[in-house]
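Report on the structure given below.
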Amino acid sequence: MGFRASAVGAVCIAICFVTAASAQTVKLGVINTYSGPSANLGEQLDRGIRLYVKQHEKDLPPGVKLEIIRRDDTGPNPEVAKRMAQELVTRDHVQLLAGPIYSPNALAIAPIATEAKVPFIIMNAGTAVITTKSPYIARVSFTMWQSSYPLGVWAAKNGIKKVFTAVTDFAPGIDSEAAFIKGFTEAGGQIVGSVRMPVNNADYVPFMQRAKDTTPDAVYSFVPAGKDAVAIMKAFGDLGLKQAGIKLIGPGDLTTDEELPGMGDVALGVVTAHHYSAAATRPANQAFIKAYKAEFGTNEEPSFLVVDAYDGMAAIFHVIAAQQGHIDPDKTLELLKGWRNEDSPRGPFMIDPATRDVVQNEYVRRVEKVNGQLANVEFETLPMVKDPWKEMNPPK
Amino acid sequence: MEALISILFHGLAYAMILYIVSVGLSVTMGLMGFVNLAHGVFAMAGGYVTVRLMNAYAVPFGLALLVAFVAVALLSVVLERTLYARLYGAGELEQVLFTIGLIFMSVAIVRYLWGPSPQPVHLPAVLSGQIDLGIRSFPTYRTFLIVVGLLLIALLWLGVERTNFGAQLRAAVDNRRMAESIGIDTRRLFSLAFALGSGLAALGGGLGADILAIYPGYATEYLVYFLMVVAIGGLGSLRGPFVAALLLGFGDTACKYLVPELGAFFVFAAMIGLLLWRPAGLFGRA
Amino acid sequence: MTAALETIGLHKRFGALIVANDIHFRLDAGARHALIGPNGAGKTTLVNLITGRIPPSAGRILLGGDDITALPQAVRVRRGLGRTFQINTLFRGLSVLENVCLAVGEHHGIGGDMLRSLAARRAVLEGGYALLERLRIADDALTPVRELPYGRQRLVEIAIALGLRPTVLLLDEPAAGVPSTEIAIILDVIEQLPDDIAVLIIEHDMELVFRFARRITVLVQGSVLIEGTPAEIAADARVREVYLGEGHHG
Amino acid sequence: MHPIDTLLARHRFRAIELLPWLIAVAVYFVFGDYLPLGSQILIMILFALSLDLVLGYAGIVTLGHSAFFGVGAYAAGIYAAHVSGEPLSGLVLAACAAAVVGWLSGLVVLRTTGLTLLMLTLAVTALLAEAANKAGFITGGADGLQGMDIRPIFGLFRFDLFGRTAYLYCLAVLFLAWLFARRLVHSSFGRSLIGIRENTARMHAIGSPVRRRLLTIYTISAALAGVAGALLAQTTQFVGLTVLGFQRSGEIVIMLVFGGIGRLYGAFVGAGIYMIAQDQLAKLEPAFWYFWIGLLLVLLVMFARGGVLGLIDRILRR
């Protein structure tokens with residue numbers, strides 16, 4: 001009898017022990033765009049994750065393992081993204097969520113994060129409102145307002161008086177347009193015309209022609225990074241806006257470090273505001289670039305997506321280490337609030353304790369030739385910018 | 001006035017690309033009654049061949065275009081003989097499915113080979129910048145497109161009007177059974193027309209690479225526009241798609257320029273109206 | 001007496017080509033009428049005009065005294081105008097019985113019925129099957145039409161038209177492509193048609209025409225050349241010249 | 001057996017027709033972790049079923065069926081976001097909205113055939129997508145419609161995180177739709193649609209009001225597609241522009257064709273296999289998922305036009 005009881009007890013202890021040990025495998029669900037027309041963006045984001053994990057896996061507390069479960073949302077497909085989140089939570093029992101490229105996808109996942117109490121690290125999606133949609137969301141990337149609003153102020157103070165705005169007709173574009181116009185007009189600038197361009201647009205020449213006909217000092221533009229950015233740059237060059245003395249300015253999506261080499265000389269002189277440039281000379285960035293090229297090829301340039309994902313992983317490693325692998329959702333959020341990272345390739349940044357949104361430096365950059373290669377060269381730093389939208393729309 | 005000139009100029013350049021890509025589709029659809037949704041694949045292939053040759057092997061633009069034309073024409077003839085020919089006379093649904101299948105496969109293949117991003121296009125320096133045409137300056141590349149486009153079209157029309165091949169082609173489009181009864185080998189004719197049409201599409205893809213970006217989504221994203229040119233122009237005609245391409249080029253450009261808020265709305269609504277008025281297209285036979 | 005079918009000045013142009021020129025034509029109840037003429041005379045066009053498959057350029061069509069010129073095909077059929085096609089126009093994937101029952105169903109007015117139970121359809125199936133028996137194709141009732149030889153398909157073509165119980169029946173070359181062994185079946189069927197049905201037959205087989213028809217109209221280049229009894233037609237010199245003289249199609 | 005009885009027997013209910021439902025119920029108990037995917041499969045089955053009515057039975061080759069799916073999704077979504085979160089009334093409203101759009105567009109589209117019809121179906125969908133894009137103040141535009149709060153069904157069954165309620169809800173709706181569709185295709189009306197598919201000219205010649213029949217089935221099919229769209233909107237509480245996309249139209253045609261068209265159960269087999277395969281395979285190599293789908297389509301057209309069910313038929317007959 002006694003033997004039996006102790007045997008049962010031993011088994012119980014063994015089970016408890018095993019459970020405890022296995023609980024130290026932290027499951028992270030990543031929802032990202034791995035297929036479809038924008039799969040290249042997803043690949044960038046994933047590279048950031050891979051690079052960080054490769055460099056820092058050894059830094060996890062002993063016995064703690066990180067398991068990453070990747071799911072493809074196939075593009076701006078919120079219903080797929082939502083199902084993926086649902087599956088990650090109910091089927092794979094992930095303790096943390098991260099991703100996605102697209103804001104609508106992030107918005108669709110938000111209710112799941114709330115209901116399942118799974119902390120959700122936003123690695124790209126930049127629509128301002130996202131962080132207000134769930135108390136379990138923290139963002140390490142950027143908001144459209146964060147770069148566009150200060151750029152507007154900067155432009156008005158640097159000799160640009162009249163601007164034509166051309167943005168893609170979806171939330172980030174509209175956010176960016178509103179932010180820029182607000183910043184620019186508040187600082188005394190004048191908007192001479194605005195156009196919102198369709199999401200799937202092939203030819204940007206008509207829009208640029210229209211811009212040219214209003215003879216502004218600059219065209220402010222936001223289009224999705226990738227082929228649209230290339231196309232609008234081409235149209236800008238083809239129509240001779242540059243020769244006519246018109247500048248092209250916009251948030252960093254216009255000249256991502258990854259696409260820049262393919263854009264040609266027309267991109268020279270484009271001024272953008274952004275939180276990251278691969279050409280930055282900070283030591284942390286140079287080490288990062290070196291590691292990136294070693295991992296993915298010497299001709300590859302990391303874009304801000306890589307850095308955002310990389311820093312997102314840093315945040316995740318931070319909460320895992322601080323809790324020794326036992327992830328408690330509310331404690332995780334407490335750990336994230338006010339968390340500060342001084343050695344990011346982008347410079348210092350932190351997560352605002354009040355809004356759980358990122359606070360970071362914005363850099364004004366100009367496209368120049370560095371060693372025969374086009375690069376975004378930072379020439380002015382706007383330190384620790386909070387999301388202006390949240391400043392203007394405080395939670396009620 | 002400035003605005004009108006801009007619209008006409010850019011609309012014309014856009015129309016040239018649309019026409020060169022789509023004219024082959026009109027002829028093959030009219031001739032063989034084949035709903036070939038995969039026509040855009042040939043344009044995409046032409047674009048990739050042109051751009052890759054230029055980027056990776058520094059082949060001159062003109063030569064790259066020529067290679068694209070020949071290579072894609074040959075490829076298309078192989079596909080036509082081995083696969084398409086089996087479905088002549090099959091139902092529309094089979095043809096639609098088969099060509100969607102081809103699209104899916106080709107998209108996956110180019111993505112595998114060259115990645116998901118658009119291919120960077122480095123045109124010769126002479127084609128960049130502006131050219132002064134007396135009235136005002138115009139973008140050189142687009143001026144070049146219009147000139148080359150018009151030359152190609154003149155060549156094509158002359159060929160179809162003046163050569164024996166053209167005469168046979170016209171006869172076969174008109175009345176296939178009659179043409180066969182007077183000894184025209186329509187199978188051979190089909191293959192030739194198919195190759196020519198696909199080659200032209202490839203040329204259009206290569207020429208227009210700087211306007212319609214070369215990336216794996218090419219074959220689906222622009223498909224609707226190619227189909228619109230054919231449906232509005234009318235099957236089996238050379239003139240019809242030209243007029244349709246002009247309408248679409250001008251219409252689309254004017255819309256973007258004047259009422260960007262409406263987006264593509266106007267273009268689609270106009271197409272529905274046109275097709276209701278003339279279900280067989282402007283120059284098609286009912 | 002009101003004609004079962006009458007055309008008044010029926011006219012059809014395709015561009016410059018006149019395919020039906022001022023055709024006045026009358027079919028009385030119970031008529032057994034044949035329409036003959038060389039290839040391209042416009043015989044099938046006339047049938048298509050009467051049934052509404054193509055609209056006339058001018059002229060009127062009366063069915064039982066009512067003007068049906070503007071009515072759509074389907075309405076004409078429901079008013080008693082039935083036809084067969086020169087080239088088999090069948091539901092090739094369906095069985096013979098289903099082919100006929102589609103017609104019978106439409107005639108019973110239940111073609112658009114979405115919910116009627118099977119029991120109610122039994123009458124339709126039985127009506128269809130009876131027709132098959134009459135045409136001696138009941139053995140093939142469940143065979144898909146596409147698997148039948150062309151001659152047997154011809155019989156299905158007629159069965160479908162009969163399934164509509166028409167008052168005016170237009171038969172467009174019913175014997176074309178039928179092996180001689182089976183022509184007899186067709187002839188029998190045509191001869192057994194109820195007397196009150198008006199029948200117009202287009203046919204190249206002169207033996208069949210002269211055996212069947214009580215009146216004959218000769219159509220040449222879209223115009224009526226002559227109309228008369230078989231004896232009158234056979235004796236007419238112009239008919240011999242333009243039609244019979246060209247060669248006997250039998 | 002007399003041929004008439006044989007024919008009648010073909011329309012009678014057979015035990016094998018219960019199979020999909022047994023599987024669907026079994027999935028609920030066995031694969032509890034997979035219910036969100038299960039719900040989407042059920043929705044796609046319903047969508048494919050609605051397409052089968054027009055494509056498989058009436059022979060209308062359309063590439064624009066997502067128009068109705070999208071209208072249904074937006075109708076249900078807007079209703080839930082702005083009027084009421086009650087799901088059943090939303091479903092009815094979506095069916096009505098899609099039916100109206102189906103009827104109106106059918107008036108236009110069904111006047112044509114062939115390429116023109118194909119283009120018009122594409123254009124109608126593109127037009128609606130553009131409208132939804134531009135009417136951002138009510139549809140959310142390119143960002144999608146958010147903020148739906150779907151209330152419990154009958155006030156009792158809350159939509160839970162694991163998707164149990166959603167699954168059963170979709171299953172119940174699909175079952176009713178199937179009962180209706182089954183009745184429809186076996187009715188005289190259904191047979192006359194097959195007649196139109198097989199030979200439109202002859203249907204005219206036997207006095208069938210072809211245009212009206214086509215318009216009727218187009219409208220009914222649109223309503224069912226709208227219900228499918230509404231289910232998606234309600235179970236995911238989101239509607240994006242992709243519901244009106246060309247890709248969705250194309251994919252649903254592919255699913256149906258995989259299963260086999262004009263067979264009623266092709267939708268079940270095709271949507272089921274496609275969605276599960278996509279869920280499993282797309283994970284491994286998403287880019288090549290489309291290569292294999294493309295290859296499969298080509299092979300299917302060349303060698304197996306009846307789809308999976310057609311193949312099974314052929315094997316059984318041998």
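Residue numbering restarts at 1 for every chain of the structure tokens, chains are lettered A, B, ... in their displayed order, and ligands are numbered from 1 as they appear.
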Residues at most 12 Å from Ile18 of chain C, counting only C-alpha atoms, excluding those fewer than 4 positions away in the same chain, as number ranges by chain?
-> C: 10-14, 22-23, 40-42, 45-46, 56-58, 220-223
Emit the selected residues as a compact mmCIF listing (two decimals), in the first residue's frame, including N, CA, C and O atoms.
# COMPACT_ATOMS: atom_id res chain seq x y z
N LEU C 10 -43.61 38.75 -95.82
CA LEU C 10 -42.46 38.55 -94.96
C LEU C 10 -41.16 38.83 -95.72
O LEU C 10 -40.95 38.33 -96.82
N HIS C 11 -40.29 39.60 -95.07
CA HIS C 11 -39.13 40.11 -95.77
C HIS C 11 -37.94 40.09 -94.81
O HIS C 11 -38.06 40.44 -93.65
N LYS C 12 -36.80 39.61 -95.32
CA LYS C 12 -35.60 39.62 -94.46
C LYS C 12 -34.36 39.92 -95.28
O LYS C 12 -34.10 39.29 -96.30
N ARG C 13 -33.63 40.91 -94.80
CA ARG C 13 -32.36 41.30 -95.42
C ARG C 13 -31.23 41.08 -94.43
O ARG C 13 -31.37 41.35 -93.26
N PHE C 14 -30.07 40.60 -94.94
CA PHE C 14 -28.82 40.70 -94.17
C PHE C 14 -27.93 41.64 -94.95
O PHE C 14 -27.34 41.25 -95.95
N ASP C 22 -40.73 39.22 -99.63
CA ASP C 22 -42.18 39.40 -99.76
C ASP C 22 -42.91 38.06 -99.81
O ASP C 22 -43.62 37.77 -100.77
N ILE C 23 -42.72 37.27 -98.79
CA ILE C 23 -43.32 35.93 -98.83
C ILE C 23 -44.73 35.94 -98.24
O ILE C 23 -44.93 36.31 -97.08
N GLY C 40 -29.83 27.03 -100.37
CA GLY C 40 -29.66 28.49 -100.30
C GLY C 40 -30.87 29.25 -100.77
O GLY C 40 -30.81 30.47 -100.93
N ALA C 41 -32.00 28.55 -100.96
CA ALA C 41 -33.20 29.26 -101.41
C ALA C 41 -33.84 30.06 -100.29
O ALA C 41 -34.65 30.94 -100.53
N GLY C 42 -33.46 29.74 -99.04
CA GLY C 42 -34.02 30.47 -97.92
C GLY C 42 -35.10 29.70 -97.17
O GLY C 42 -35.91 30.29 -96.46
N THR C 45 -34.30 29.73 -93.44
CA THR C 45 -34.50 31.10 -92.98
C THR C 45 -35.99 31.36 -92.75
O THR C 45 -36.36 32.01 -91.76
N LEU C 46 -36.81 30.86 -93.65
CA LEU C 46 -38.25 31.07 -93.50
C LEU C 46 -38.75 30.43 -92.19
O LEU C 46 -39.51 31.04 -91.43
N PRO C 56 -37.91 39.44 -88.60
CA PRO C 56 -38.04 39.84 -90.00
C PRO C 56 -37.71 41.32 -90.17
O PRO C 56 -37.80 42.09 -89.23
N SER C 57 -37.32 41.71 -91.41
CA SER C 57 -37.10 43.12 -91.69
C SER C 57 -38.42 43.83 -91.92
O SER C 57 -38.59 45.00 -91.63
N ALA C 58 -39.38 43.08 -92.49
CA ALA C 58 -40.72 43.61 -92.70
C ALA C 58 -41.70 42.45 -92.81
O ALA C 58 -41.29 41.31 -93.00
N VAL C 220 -37.30 30.00 -104.39
CA VAL C 220 -36.05 30.20 -105.11
C VAL C 220 -35.51 31.58 -104.76
O VAL C 220 -36.22 32.57 -104.88
N GLN C 221 -34.28 31.63 -104.31
CA GLN C 221 -33.61 32.89 -103.96
C GLN C 221 -34.48 33.80 -103.09
O GLN C 221 -34.63 34.99 -103.36
N GLY C 222 -35.11 33.18 -102.09
CA GLY C 222 -35.87 33.98 -101.14
C GLY C 222 -37.27 34.32 -101.57
O GLY C 222 -38.01 34.94 -100.81
N SER C 223 -37.66 33.96 -102.80
CA SER C 223 -39.01 34.29 -103.25
C SER C 223 -39.79 33.02 -103.55
O SER C 223 -39.21 31.98 -103.91
Neighbours of chain D in chain A at 6 Å, counting only C-alpha atoms, as a PyMOL selection string: chain A and resi 35+79+91+104+170-171
For segment 78-104 of chain A versus segment 129-142 of chain A, which residues have an atom no more than 12 Å away, and what is each residue's nearest atom pair and distance in Å rounded to one decimal, using only C-alpha atoms, chain-then-number order, as CSV?
residue,atom,partner,partner_atom,distance
A:Gln95,CA,A:Tyr136,CA,11.7
A:Leu96,CA,A:Tyr136,CA,9.9
A:Leu97,CA,A:Ile137,CA,9.3
A:Ala98,CA,A:Ile137,CA,9.5
A:Gly99,CA,A:Arg139,CA,10.0
A:Pro100,CA,A:Ser141,CA,10.7
A:Ile101,CA,A:Ser141,CA,10.4
A:Tyr102,CA,A:Ile130,CA,10.9
A:Ser103,CA,A:Ile130,CA,7.5
A:Pro104,CA,A:Ile130,CA,9.0
Save out the residues we just selected, N, CA and C atoms, as a short mmCIF file (atom, residue, chain, number, x, y, z; two decimals), in the first residue's frame.
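What landed in result-v8.cif:
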data_model
loop_
_atom_site.label_atom_id
_atom_site.label_comp_id
_atom_site.auth_asym_id
_atom_site.auth_seq_id
_atom_site.Cartn_x
_atom_site.Cartn_y
_atom_site.Cartn_z
N GLN A 95 2.11 31.54 -26.69
CA GLN A 95 1.99 32.49 -25.57
C GLN A 95 2.21 33.92 -26.02
N LEU A 96 2.81 34.07 -27.21
CA LEU A 96 3.08 35.41 -27.74
C LEU A 96 2.73 35.43 -29.22
N LEU A 97 2.26 36.59 -29.67
CA LEU A 97 2.01 36.76 -31.10
C LEU A 97 2.89 37.90 -31.61
N ALA A 98 3.28 37.79 -32.89
CA ALA A 98 4.04 38.88 -33.49
C ALA A 98 3.71 38.96 -34.98
N GLY A 99 4.02 40.06 -35.60
CA GLY A 99 3.75 40.27 -37.01
C GLY A 99 3.13 41.61 -37.16
N PRO A 100 2.18 41.79 -37.96
CA PRO A 100 2.10 41.47 -39.38
C PRO A 100 2.54 42.67 -40.19
N ILE A 101 2.62 42.51 -41.49
CA ILE A 101 2.99 43.62 -42.37
C ILE A 101 1.86 44.66 -42.42
N TYR A 102 0.65 44.16 -42.56
CA TYR A 102 -0.45 45.06 -42.92
C TYR A 102 -1.31 45.48 -41.73
N SER A 103 -1.66 46.76 -41.71
CA SER A 103 -2.46 47.28 -40.62
C SER A 103 -3.83 46.61 -40.49
N PRO A 104 -4.56 46.40 -41.59
CA PRO A 104 -5.86 45.74 -41.45
C PRO A 104 -5.72 44.37 -40.78
#
(request) Give me every helix (DSSP H, G or I) residue in segment 51-194 of chain A, going by DSSP on the backbone, as an MDAnalysis selection string. (result) chainID A and resid 51:59 78:90 103:116 128:132 144:157 171:186
Item checked: Check: which chain D residues lie within 8 Å of chain B using only C-alpha atoms, as an MDAnalysis selection string -> chainID D and resid 61 108 112 114:116 119:120 122:124 126:127 130:131 134 254 287:288 290:298 301:302 305
